[in-house]
$ cat protein26.cif   # mmCIF, C-alpha atoms
data_data
loop_
_atom_site.group_PDB
_atom_site.id
_atom_site.type_symbol
_atom_site.label_atom_id
_atom_site.label_comp_id
_atom_site.auth_asym_id
_atom_site.auth_seq_id
_atom_site.Cartn_x
_atom_site.Cartn_y
_atom_site.Cartn_z
ATOM 1 C CA MET V 3 99.952 74.974 122.342
ATOM 2 C CA GLY V 4 100.972 76.256 118.902
ATOM 3 C CA ILE V 5 102.819 73.094 117.868
ATOM 4 C CA ARG V 6 101.501 69.573 118.229
ATOM 5 C CA PHE V 7 102.835 66.212 117.140
ATOM 6 C CA THR V 8 100.847 63.476 115.510
ATOM 7 C CA GLY V 9 101.359 59.761 115.746
ATOM 8 C CA LEU V 10 101.965 59.427 112.006
ATOM 9 C CA LEU V 11 105.372 57.906 111.320
ATOM 10 C CA VAL V 12 107.111 58.048 107.971
ATOM 11 C CA THR V 13 110.209 56.123 106.953
ATOM 12 C CA ASN V 14 112.901 57.983 105.046
ATOM 13 C CA ALA V 15 115.603 55.524 104.016
ATOM 14 C CA LEU V 16 117.803 58.228 102.521
ATOM 15 C CA ILE V 17 118.104 60.099 105.816
ATOM 16 C CA LEU V 18 117.620 57.517 108.542
ATOM 17 C CA PRO V 19 118.931 53.996 109.044
ATOM 18 C CA PRO V 20 116.588 51.286 107.690
ATOM 19 C CA ASN V 21 115.211 50.458 111.133
ATOM 20 C CA CYS V 22 114.465 54.098 112.031
ATOM 21 C CA VAL V 23 111.408 56.209 111.386
ATOM 22 C CA ALA V 24 110.805 59.917 111.047
ATOM 23 C CA LEU V 25 107.990 61.759 112.754
ATOM 24 C CA ALA V 26 105.598 63.731 110.573
ATOM 25 C CA MET V 27 104.599 66.942 112.310
ATOM 26 C CA VAL V 28 101.388 68.884 111.862
ATOM 27 C CA ASN V 29 101.998 72.586 112.350
ATOM 28 C CA PRO V 30 98.821 74.639 112.910
ATOM 29 C CA LEU V 31 100.865 77.811 112.379
ATOM 30 C CA THR V 32 101.818 76.880 108.822
ATOM 31 C CA GLY V 33 100.040 79.936 107.397
ATOM 32 C CA PRO V 34 101.774 82.556 109.577
ATOM 33 C CA ASP V 35 105.064 80.685 109.220
ATOM 34 C CA HIS V 36 104.960 80.941 105.425
ATOM 35 C CA GLU V 37 103.727 84.528 105.469
ATOM 36 C CA VAL V 38 106.615 85.691 107.665
ATOM 37 C CA ALA V 39 109.168 83.697 105.651
ATOM 38 C CA GLY V 40 107.750 84.968 102.367
ATOM 39 C CA TRP V 41 107.781 88.608 103.469
ATOM 40 C CA PHE V 42 111.442 88.531 104.457
ATOM 41 C CA HIS V 43 112.378 86.578 101.343
ATOM 42 C CA ALA V 44 110.735 89.202 99.150
ATOM 43 C CA HIS V 45 112.615 92.023 100.873
ATOM 44 C CA LEU V 46 116.105 90.525 100.968
ATOM 45 C CA THR V 47 118.870 92.642 99.493
ATOM 46 C CA ARG V 48 122.569 91.966 99.274
ATOM 47 C CA THR V 49 123.331 94.498 102.024
ATOM 48 C CA PHE V 50 120.592 93.154 104.302
ATOM 49 C CA VAL V 51 121.842 89.608 103.793
ATOM 50 C CA SER V 52 125.402 90.644 104.680
ATOM 51 C CA VAL V 53 124.193 92.170 107.950
ATOM 52 C CA LEU V 54 122.054 89.155 108.752
ATOM 53 C CA ARG V 55 124.915 86.758 108.063
ATOM 54 C CA ALA V 56 127.032 88.720 110.562
ATOM 55 C CA PHE V 57 124.264 88.390 113.167
ATOM 56 C CA THR V 58 123.806 84.677 112.560
ATOM 57 C CA GLU V 59 127.491 83.981 113.234
ATOM 58 C CA PHE V 60 126.827 84.417 116.961
ATOM 59 C CA GLY V 61 125.010 81.089 116.776
ATOM 60 C CA SER V 62 127.246 79.308 114.295
ATOM 61 C CA GLY V 63 128.959 76.054 115.175
ATOM 62 C CA GLU V 64 132.386 77.594 114.564
ATOM 63 C CA TRP V 65 131.810 80.506 116.944
ATOM 64 C CA ILE V 66 130.266 78.290 119.618
ATOM 65 C CA GLY V 67 133.195 75.879 119.298
ATOM 66 C CA VAL V 68 135.741 78.663 119.811
ATOM 67 C CA VAL V 69 133.940 80.029 122.876
ATOM 68 C CA LEU V 70 133.552 76.546 124.350
ATOM 69 C CA PHE V 71 137.239 75.817 123.795
ATOM 70 C CA PHE V 72 138.455 78.841 125.751
ATOM 71 C CA VAL V 73 135.876 78.474 128.512
ATOM 72 C CA ALA V 74 136.774 74.787 128.846
ATOM 73 C CA LEU V 75 140.480 75.662 129.048
ATOM 74 C CA TYR V 76 139.711 78.118 131.824
ATOM 75 C CA PHE V 77 137.765 75.498 133.769
ATOM 76 C CA VAL V 78 140.587 72.988 133.338
ATOM 77 C CA TRP V 79 143.103 75.573 134.540
ATOM 78 C CA LYS V 80 140.970 76.284 137.598
ATOM 79 C CA LYS V 81 140.194 72.562 138.024
ATOM 80 C CA TRP V 82 136.481 73.284 138.083
ATOM 81 C CA TRP V 83 135.536 69.823 136.869
ATOM 82 C CA PRO V 84 131.781 69.939 137.601
ATOM 83 C CA SER V 85 131.561 73.208 135.689
ATOM 84 C CA LEU V 86 133.417 71.638 132.779
ATOM 85 C CA VAL V 87 131.100 68.628 132.693
ATOM 86 C CA THR V 88 128.056 70.892 132.951
ATOM 87 C CA LEU V 89 129.286 72.963 130.014
ATOM 88 C CA ILE V 90 129.865 69.913 127.818
ATOM 89 C CA VAL V 91 126.565 68.246 128.636
ATOM 90 C CA ALA V 92 124.515 71.425 128.376
ATOM 91 C CA VAL V 93 125.852 72.935 125.146
ATOM 92 C CA PRO V 94 127.249 70.242 122.803
ATOM 93 C CA GLY V 95 124.888 67.688 124.328
ATOM 94 C CA GLY V 96 121.828 69.840 123.725
ATOM 95 C CA MET V 97 122.926 70.694 120.199
ATOM 96 C CA LEU V 98 123.379 67.003 119.414
ATOM 97 C CA LEU V 99 119.865 66.249 120.641
ATOM 98 C CA ASN V 100 118.571 69.005 118.383
ATOM 99 C CA GLU V 101 120.262 67.412 115.369
ATOM 100 C CA TRP V 102 118.512 64.139 116.170
ATOM 101 C CA MET V 103 115.256 66.011 116.426
ATOM 102 C CA LYS V 104 115.820 67.525 112.979
ATOM 103 C CA VAL V 105 116.260 64.082 111.487
ATOM 104 C CA LEU V 106 113.244 62.754 113.335
ATOM 105 C CA VAL V 107 110.893 65.568 112.285
ATOM 106 C CA HIS V 108 112.574 66.345 108.924
ATOM 107 C CA ARG V 109 110.712 69.550 108.229
ATOM 108 C CA HIS V 110 112.026 71.207 105.080
ATOM 109 C CA ARG V 111 113.383 74.732 105.123
ATOM 110 C CA PRO V 112 111.295 77.687 103.913
ATOM 111 C CA PHE V 113 113.515 78.232 100.869
ATOM 112 C CA VAL V 114 116.273 76.194 99.271
ATOM 113 C CA ASP V 115 116.665 78.069 95.983
ATOM 114 C CA GLY V 116 117.211 81.743 95.304
ATOM 115 C CA PRO V 117 119.874 84.450 94.967
ATOM 116 C CA PHE V 118 120.604 84.537 98.717
ATOM 117 C CA VAL V 119 119.678 80.990 99.687
ATOM 118 C CA ASP V 120 122.122 78.117 100.065
ATOM 119 C CA TRP V 121 120.666 76.094 102.915
ATOM 120 C CA SER V 122 120.846 72.357 103.338
ATOM 121 C CA GLY V 123 119.532 69.974 105.962
ATOM 122 C CA TYR V 124 116.279 70.173 107.875
ATOM 123 C CA SER V 125 114.556 73.092 109.541
ATOM 124 C CA PHE V 126 112.975 72.080 112.858
ATOM 125 C CA ALA V 127 114.333 73.192 115.231
ATOM 126 C CA SER V 128 116.840 75.934 114.447
ATOM 127 C CA GLY V 129 120.359 74.710 115.211
ATOM 128 C CA HIS V 130 121.861 78.205 115.339
ATOM 129 C CA THR V 131 119.153 79.407 117.706
ATOM 130 C CA ILE V 132 119.350 76.495 120.111
ATOM 131 C CA GLY V 133 123.147 76.731 120.057
ATOM 132 C CA ALA V 134 122.950 80.405 121.027
ATOM 133 C CA THR V 135 120.324 79.662 123.694
ATOM 134 C CA LEU V 136 122.448 76.910 125.228
ATOM 135 C CA LEU V 137 125.765 78.759 125.052
ATOM 136 C CA TYR V 138 124.706 82.174 126.306
ATOM 137 C CA GLY V 139 122.180 80.693 128.705
ATOM 138 C CA GLN V 140 124.751 78.393 130.310
ATOM 139 C CA LEU V 141 127.361 81.145 130.522
ATOM 140 C CA LEU V 142 124.717 83.329 132.159
ATOM 141 C CA LEU V 143 124.040 80.621 134.748
ATOM 142 C CA PHE V 144 127.767 80.475 135.469
ATOM 143 C CA VAL V 145 128.290 84.211 135.986
ATOM 144 C CA LEU V 146 125.036 85.269 137.673
ATOM 145 C CA PRO V 147 125.935 83.880 141.146
ATOM 146 C CA ALA V 148 129.200 85.837 141.091
ATOM 147 C CA LEU V 149 127.536 89.163 140.246
ATOM 148 C CA LYS V 150 126.767 91.117 143.380
ATOM 149 C CA THR V 151 124.856 94.105 142.021
ATOM 150 C CA ARG V 152 121.428 94.171 140.402
ATOM 151 C CA HIS V 153 122.770 96.358 137.595
ATOM 152 C CA TRP V 154 125.280 93.787 136.396
ATOM 153 C CA ARG V 155 122.780 90.966 136.760
ATOM 154 C CA LEU V 156 120.228 92.739 134.576
ATOM 155 C CA LEU V 157 122.898 93.669 132.045
ATOM 156 C CA SER V 158 124.025 90.055 131.807
ATOM 157 C CA VAL V 159 120.475 88.733 131.418
ATOM 158 C CA PHE V 160 119.553 91.246 128.726
ATOM 159 C CA SER V 161 122.836 90.690 126.880
ATOM 160 C CA ALA V 162 122.257 86.925 126.703
ATOM 161 C CA LEU V 163 118.619 87.442 125.684
ATOM 162 C CA PHE V 164 119.588 89.969 123.024
ATOM 163 C CA LEU V 165 122.142 87.638 121.439
ATOM 164 C CA VAL V 166 119.671 84.740 121.322
ATOM 165 C CA LEU V 167 116.933 86.885 119.770
ATOM 166 C CA LEU V 168 119.407 88.398 117.307
ATOM 167 C CA VAL V 169 120.451 84.967 116.087
ATOM 168 C CA GLY V 170 116.846 83.783 115.907
ATOM 169 C CA PHE V 171 115.765 86.837 113.938
ATOM 170 C CA SER V 172 118.614 86.421 111.468
ATOM 171 C CA ARG V 173 117.670 82.792 110.795
ATOM 172 C CA VAL V 174 114.066 83.712 110.009
ATOM 173 C CA ALA V 175 114.996 86.756 107.928
ATOM 174 C CA LEU V 176 117.543 84.791 105.900
ATOM 175 C CA GLY V 177 114.943 82.165 105.038
ATOM 176 C CA ALA V 178 116.859 79.408 106.809
ATOM 177 C CA HIS V 179 114.049 78.681 109.277
ATOM 178 C CA PHE V 180 110.393 79.267 109.964
ATOM 179 C CA LEU V 181 109.428 81.380 112.963
ATOM 180 C CA THR V 182 108.191 78.270 114.801
ATOM 181 C CA ASP V 183 111.595 76.618 114.246
ATOM 182 C CA VAL V 184 113.225 79.473 116.129
ATOM 183 C CA LEU V 185 110.643 79.622 118.915
ATOM 184 C CA ALA V 186 110.857 75.858 119.410
ATOM 185 C CA ALA V 187 114.657 76.033 119.580
ATOM 186 C CA ILE V 188 114.531 78.672 122.303
ATOM 187 C CA ILE V 189 111.997 76.658 124.309
ATOM 188 C CA PHE V 190 113.920 73.395 123.904
ATOM 189 C CA GLY V 191 117.152 75.124 124.856
ATOM 190 C CA ILE V 192 115.693 76.610 128.033
ATOM 191 C CA VAL V 193 114.125 73.281 129.030
ATOM 192 C CA TRP V 194 117.413 71.452 128.454
ATOM 193 C CA LEU V 195 119.352 73.986 130.548
ATOM 194 C CA MET V 196 116.806 73.680 133.352
ATOM 195 C CA LEU V 197 117.056 69.890 133.203
ATOM 196 C CA CYS V 198 120.853 70.016 133.370
ATOM 197 C CA MET V 199 120.685 72.444 136.289
ATOM 198 C CA VAL V 200 118.276 70.230 138.238
ATOM 199 C CA LEU V 201 120.105 66.958 137.590
ATOM 200 C CA ARG V 202 123.596 68.187 138.436
ATOM 201 C CA LYS V 203 122.848 69.001 142.079
ATOM 202 C CA PRO V 204 122.185 65.519 143.513
ATOM 203 C CA LEU V 205 124.841 63.975 141.258
ATOM 204 C CA TRP V 206 127.668 66.329 142.238
ATOM 205 C CA ARG V 207 126.744 67.566 145.704
ATOM 206 C CA ARG V 208 129.438 65.572 147.481
ATOM 207 C CA ALA V 209 132.082 66.151 144.800
ATOM 208 C CA VAL V 210 131.586 69.902 144.861
ATOM 209 C CA ALA V 211 131.623 70.069 148.657
ATOM 210 C CA SER V 212 134.814 68.046 149.037
ATOM 211 C CA ALA V 213 136.983 68.798 146.032
ATOM 212 C CA ILE V 214 136.059 72.055 144.289
ATOM 213 C CA PRO V 215 137.573 75.387 145.352
ATOM 214 C CA ALA V 216 135.181 77.987 146.731
ATOM 215 C CA GLY V 217 135.304 80.036 143.548
ATOM 216 C CA ASP V 218 133.733 77.392 141.284
ATOM 217 C CA PRO V 219 130.633 78.811 139.587
ATOM 218 C CA VAL V 220 128.862 75.470 140.042
ATOM 219 C CA GLU V 221 129.346 75.638 143.794
ATOM 220 C CA LEU V 222 128.343 79.279 143.966
ATOM 221 C CA SER V 223 125.155 78.655 142.035
ATOM 222 C CA ARG V 224 123.810 76.060 144.491
#

$ encode --input "protein26.cif" --output "structure tokens"
Amino acid sequence: MGIRFTGLLVTNALILPPNCVALAMVNPLTGPDHEVAGWFHAHLTRTFVSVLRAFTEFGSGEWIGVVLFFVALYFVWKKWWPSLVTLIVAVPGGMLLNEWMKVLVHRHRPFVDGPFVDWSGYSFASGHTIGATLLYGQLLLFVLPALKTRHWRLLSVFSALFLVLLVGFSRVALGAHFLTDVLAAIIFGIVWLMLCMVLRKPLWRRAVASAIPAGDPVELSR
């Protein structure tokens, strides 16, 4: 499976409340993880870092917050309440769960010192990557039902995939995360979106049928 969890529990009073424990994780891909991180770290230049930092902004909390704000305003204007709730649960909700996971696992970052390194916090799983996966994945789920041609559907899918991979690559190359941190974030993000998509149907079937205009993406996607 690539990543497996052990039952070993370790208390970290500086990070967690006194009655909480943190999960120690055994990573069988430690060797490749460090090799990839070390290679990029050895080849970082100021120009390369500037480009990577531009890429990583597509998964930053600030950028995601701005996009969510305007999309939420649009849903409020259209009175697409199920879509609004879906957006909030899927994106901020999933990102919050990832932060809890970071505290629980508390894997340290590949590098914390160096000319281009200024990272803090824990590494598993990548917050930028899961944020990008949740945001662009959820937006894709909203727009796909409204796209009538195969060309636009493929373009939308590849655009979302490209942005997620771009953010993930930048996090590994910058030394902020191991490769497995990024892969885990993508997997967790997809699973969370699928869970949200499955759970919303029985919960909102009647509300969507009776109160939401025909143009609501949530209704169209059912």

$ closest_residue --input "protein26.cif" --among "V:Val69, V:Leu99, V:Leu106, V:Leu136" --to "Ile192 of chain V" --atoms "all atoms listed in the file"
V:Leu136

$ closest_residue --input "protein26.cif" --among "V:Ala39, V:Ile132, V:Leu165, V:Leu156" --to "Leu98 of chain V" --atoms "all atoms listed in the file"
V:Ile132

$ closest_residue --input "protein26.cif" --among "V:Met103, V:Ala187, V:Leu167, V:Ile66" --to "Leu141 of chain V" --atoms "only C-alpha atoms"
V:Ile66

$ atom_distance --input "protein26.cif" --atom1 "atom CA of Val184 of chain V" --atom2 "atom CA of Val91 of chain V"
21.5 Å

$ atom_distance --input "protein26.cif" --atom1 "atom CA of Trp82 of chain V" --atom2 "atom CA of His153 of chain V"
26.8 Å

$ atom_distance --input "protein26.cif" --atom1 "atom CA of His130 of chain V" --atom2 "atom CA of Gly96 of chain V"
11.8 Å

$ decode --input "protein26.cif" --residues "segment 128-219 of chain V" --atoms "C-alpha atoms" --output "PDB file, in the first residue's frame"
ATOM      1  CA  SER V 128       0.493  18.513   2.335  1.00  0.00           C
ATOM      2  CA  GLY V 129      -1.962  21.293   3.177  1.00  0.00           C
ATOM      3  CA  HIS V 130      -1.386  23.185  -0.075  1.00  0.00           C
ATOM      4  CA  THR V 131      -1.907  20.041  -2.130  1.00  0.00           C
ATOM      5  CA  ILE V 132      -5.077  18.911  -0.405  1.00  0.00           C
ATOM      6  CA  GLY V 133      -6.418  22.466  -0.578  1.00  0.00           C
ATOM      7  CA  ALA V 134      -5.832  22.523  -4.338  1.00  0.00           C
ATOM      8  CA  THR V 135      -7.344  19.040  -4.724  1.00  0.00           C
ATOM      9  CA  LEU V 136     -10.465  20.020  -2.790  1.00  0.00           C
ATOM     10  CA  LEU V 137     -10.932  23.432  -4.401  1.00  0.00           C
ATOM     11  CA  TYR V 138     -10.347  22.553  -8.039  1.00  0.00           C
ATOM     12  CA  GLY V 139     -11.938  19.141  -7.642  1.00  0.00           C
ATOM     13  CA  GLN V 140     -15.128  20.579  -6.149  1.00  0.00           C
ATOM     14  CA  LEU V 141     -15.322  23.345  -8.745  1.00  0.00           C
ATOM     15  CA  LEU V 142     -14.894  20.673 -11.414  1.00  0.00           C
ATOM     16  CA  LEU V 143     -17.807  18.705  -9.953  1.00  0.00           C
ATOM     17  CA  PHE V 144     -19.915  21.862 -10.083  1.00  0.00           C
ATOM     18  CA  VAL V 145     -19.202  22.752 -13.716  1.00  0.00           C
ATOM     19  CA  LEU V 146     -18.989  19.322 -15.373  1.00  0.00           C
ATOM     20  CA  PRO V 147     -22.783  18.702 -15.465  1.00  0.00           C
ATOM     21  CA  ALA V 148     -23.293  22.041 -17.222  1.00  0.00           C
ATOM     22  CA  LEU V 149     -20.727  21.332 -19.952  1.00  0.00           C
ATOM     23  CA  LYS V 150     -22.377  19.822 -22.990  1.00  0.00           C
ATOM     24  CA  THR V 151     -19.402  19.014 -25.209  1.00  0.00           C
ATOM     25  CA  ARG V 152     -16.677  16.437 -24.650  1.00  0.00           C
ATOM     26  CA  HIS V 153     -14.026  19.014 -25.541  1.00  0.00           C
ATOM     27  CA  TRP V 154     -14.914  21.345 -22.691  1.00  0.00           C
ATOM     28  CA  ARG V 155     -15.275  18.467 -20.258  1.00  0.00           C
ATOM     29  CA  LEU V 156     -11.793  17.167 -21.038  1.00  0.00           C
ATOM     30  CA  LEU V 157     -10.345  20.671 -20.877  1.00  0.00           C
ATOM     31  CA  SER V 158     -11.890  21.224 -17.456  1.00  0.00           C
ATOM     32  CA  VAL V 159     -10.664  17.880 -16.109  1.00  0.00           C
ATOM     33  CA  PHE V 160      -7.113  18.380 -17.358  1.00  0.00           C
ATOM     34  CA  SER V 161      -7.023  21.972 -16.099  1.00  0.00           C
ATOM     35  CA  ALA V 162      -8.012  20.906 -12.575  1.00  0.00           C
ATOM     36  CA  LEU V 163      -5.551  17.994 -12.667  1.00  0.00           C
ATOM     37  CA  PHE V 164      -2.756  20.229 -13.932  1.00  0.00           C
ATOM     38  CA  LEU V 165      -3.248  22.776 -11.149  1.00  0.00           C
ATOM     39  CA  VAL V 166      -3.241  20.081  -8.455  1.00  0.00           C
ATOM     40  CA  LEU V 167      -0.086  18.446  -9.827  1.00  0.00           C
ATOM     41  CA  LEU V 168       1.591  21.837 -10.229  1.00  0.00           C
ATOM     42  CA  VAL V 169       0.977  22.689  -6.590  1.00  0.00           C
ATOM     43  CA  GLY V 170       2.098  19.242  -5.452  1.00  0.00           C
ATOM     44  CA  PHE V 171       5.292  19.426  -7.484  1.00  0.00           C
ATOM     45  CA  SER V 172       6.130  22.860  -6.110  1.00  0.00           C
ATOM     46  CA  ARG V 173       5.753  21.655  -2.516  1.00  0.00           C
ATOM     47  CA  VAL V 174       8.149  18.757  -3.072  1.00  0.00           C
ATOM     48  CA  ALA V 175      10.655  20.831  -5.039  1.00  0.00           C
ATOM     49  CA  LEU V 176      10.675  23.587  -2.418  1.00  0.00           C
ATOM     50  CA  GLY V 177      11.462  21.080   0.320  1.00  0.00           C
ATOM     51  CA  ALA V 178       8.219  21.783   2.163  1.00  0.00           C
ATOM     52  CA  HIS V 179       6.953  18.204   1.839  1.00  0.00           C
ATOM     53  CA  PHE V 180       8.000  14.684   1.008  1.00  0.00           C
ATOM     54  CA  LEU V 181       6.597  13.067  -2.123  1.00  0.00           C
ATOM     55  CA  THR V 182       4.392  10.785   0.000  1.00  0.00           C
ATOM     56  CA  ASP V 183       2.945  13.857   1.756  1.00  0.00           C
ATOM     57  CA  VAL V 184       1.751  15.144  -1.602  1.00  0.00           C
ATOM     58  CA  LEU V 185       0.445  11.802  -2.855  1.00  0.00           C
ATOM     59  CA  ALA V 186      -1.422  11.229   0.409  1.00  0.00           C
ATOM     60  CA  ALA V 187      -2.975  14.700   0.203  1.00  0.00           C
ATOM     61  CA  ILE V 188      -4.279  14.037  -3.299  1.00  0.00           C
ATOM     62  CA  ILE V 189      -5.726  10.673  -2.256  1.00  0.00           C
ATOM     63  CA  PHE V 190      -7.310  12.073   0.912  1.00  0.00           C
ATOM     64  CA  GLY V 191      -8.744  14.989  -1.034  1.00  0.00           C
ATOM     65  CA  ILE V 192     -10.333  12.753  -3.662  1.00  0.00           C
ATOM     66  CA  VAL V 193     -11.776  10.429  -1.008  1.00  0.00           C
ATOM     67  CA  TRP V 194     -13.225  13.374   0.919  1.00  0.00           C
ATOM     68  CA  LEU V 195     -14.833  14.822  -2.225  1.00  0.00           C
ATOM     69  CA  MET V 196     -16.335  11.434  -3.067  1.00  0.00           C
ATOM     70  CA  LEU V 197     -17.678  11.118   0.475  1.00  0.00           C
ATOM     71  CA  CYS V 198     -19.246  14.579   0.314  1.00  0.00           C
ATOM     72  CA  MET V 199     -20.775  13.775  -3.071  1.00  0.00           C
ATOM     73  CA  VAL V 200     -22.296  10.514  -1.821  1.00  0.00           C
ATOM     74  CA  LEU V 201     -23.641  11.912   1.451  1.00  0.00           C
ATOM     75  CA  ARG V 202     -25.266  15.025   0.008  1.00  0.00           C
ATOM     76  CA  LYS V 203     -27.769  13.175  -2.185  1.00  0.00           C
ATOM     77  CA  PRO V 204     -29.989  11.506   0.444  1.00  0.00           C
ATOM     78  CA  LEU V 205     -29.667  14.508   2.768  1.00  0.00           C
ATOM     79  CA  TRP V 206     -30.740  17.139   0.235  1.00  0.00           C
ATOM     80  CA  ARG V 207     -32.871  15.256  -2.277  1.00  0.00           C
ATOM     81  CA  ARG V 208     -36.145  16.795  -1.132  1.00  0.00           C
ATOM     82  CA  ALA V 209     -34.688  20.272  -0.589  1.00  0.00           C
ATOM     83  CA  VAL V 210     -33.188  20.387  -4.061  1.00  0.00           C
ATOM     84  CA  ALA V 211     -36.359  19.103  -5.715  1.00  0.00           C
ATOM     85  CA  SER V 212     -38.652  21.590  -3.989  1.00  0.00           C
ATOM     86  CA  ALA V 213     -36.673  24.773  -3.480  1.00  0.00           C
ATOM     87  CA  ILE V 214     -33.656  25.052  -5.787  1.00  0.00           C
ATOM     88  CA  PRO V 215     -33.937  26.598  -9.260  1.00  0.00           C
ATOM     89  CA  ALA V 216     -33.237  24.317 -12.206  1.00  0.00           C
ATOM     90  CA  GLY V 217     -29.844  25.881 -12.830  1.00  0.00           C
ATOM     91  CA  ASP V 218     -28.274  24.816  -9.515  1.00  0.00           C
ATOM     92  CA  PRO V 219     -25.120  22.784 -10.166  1.00  0.00           C
TER      93      PRO V 219
END
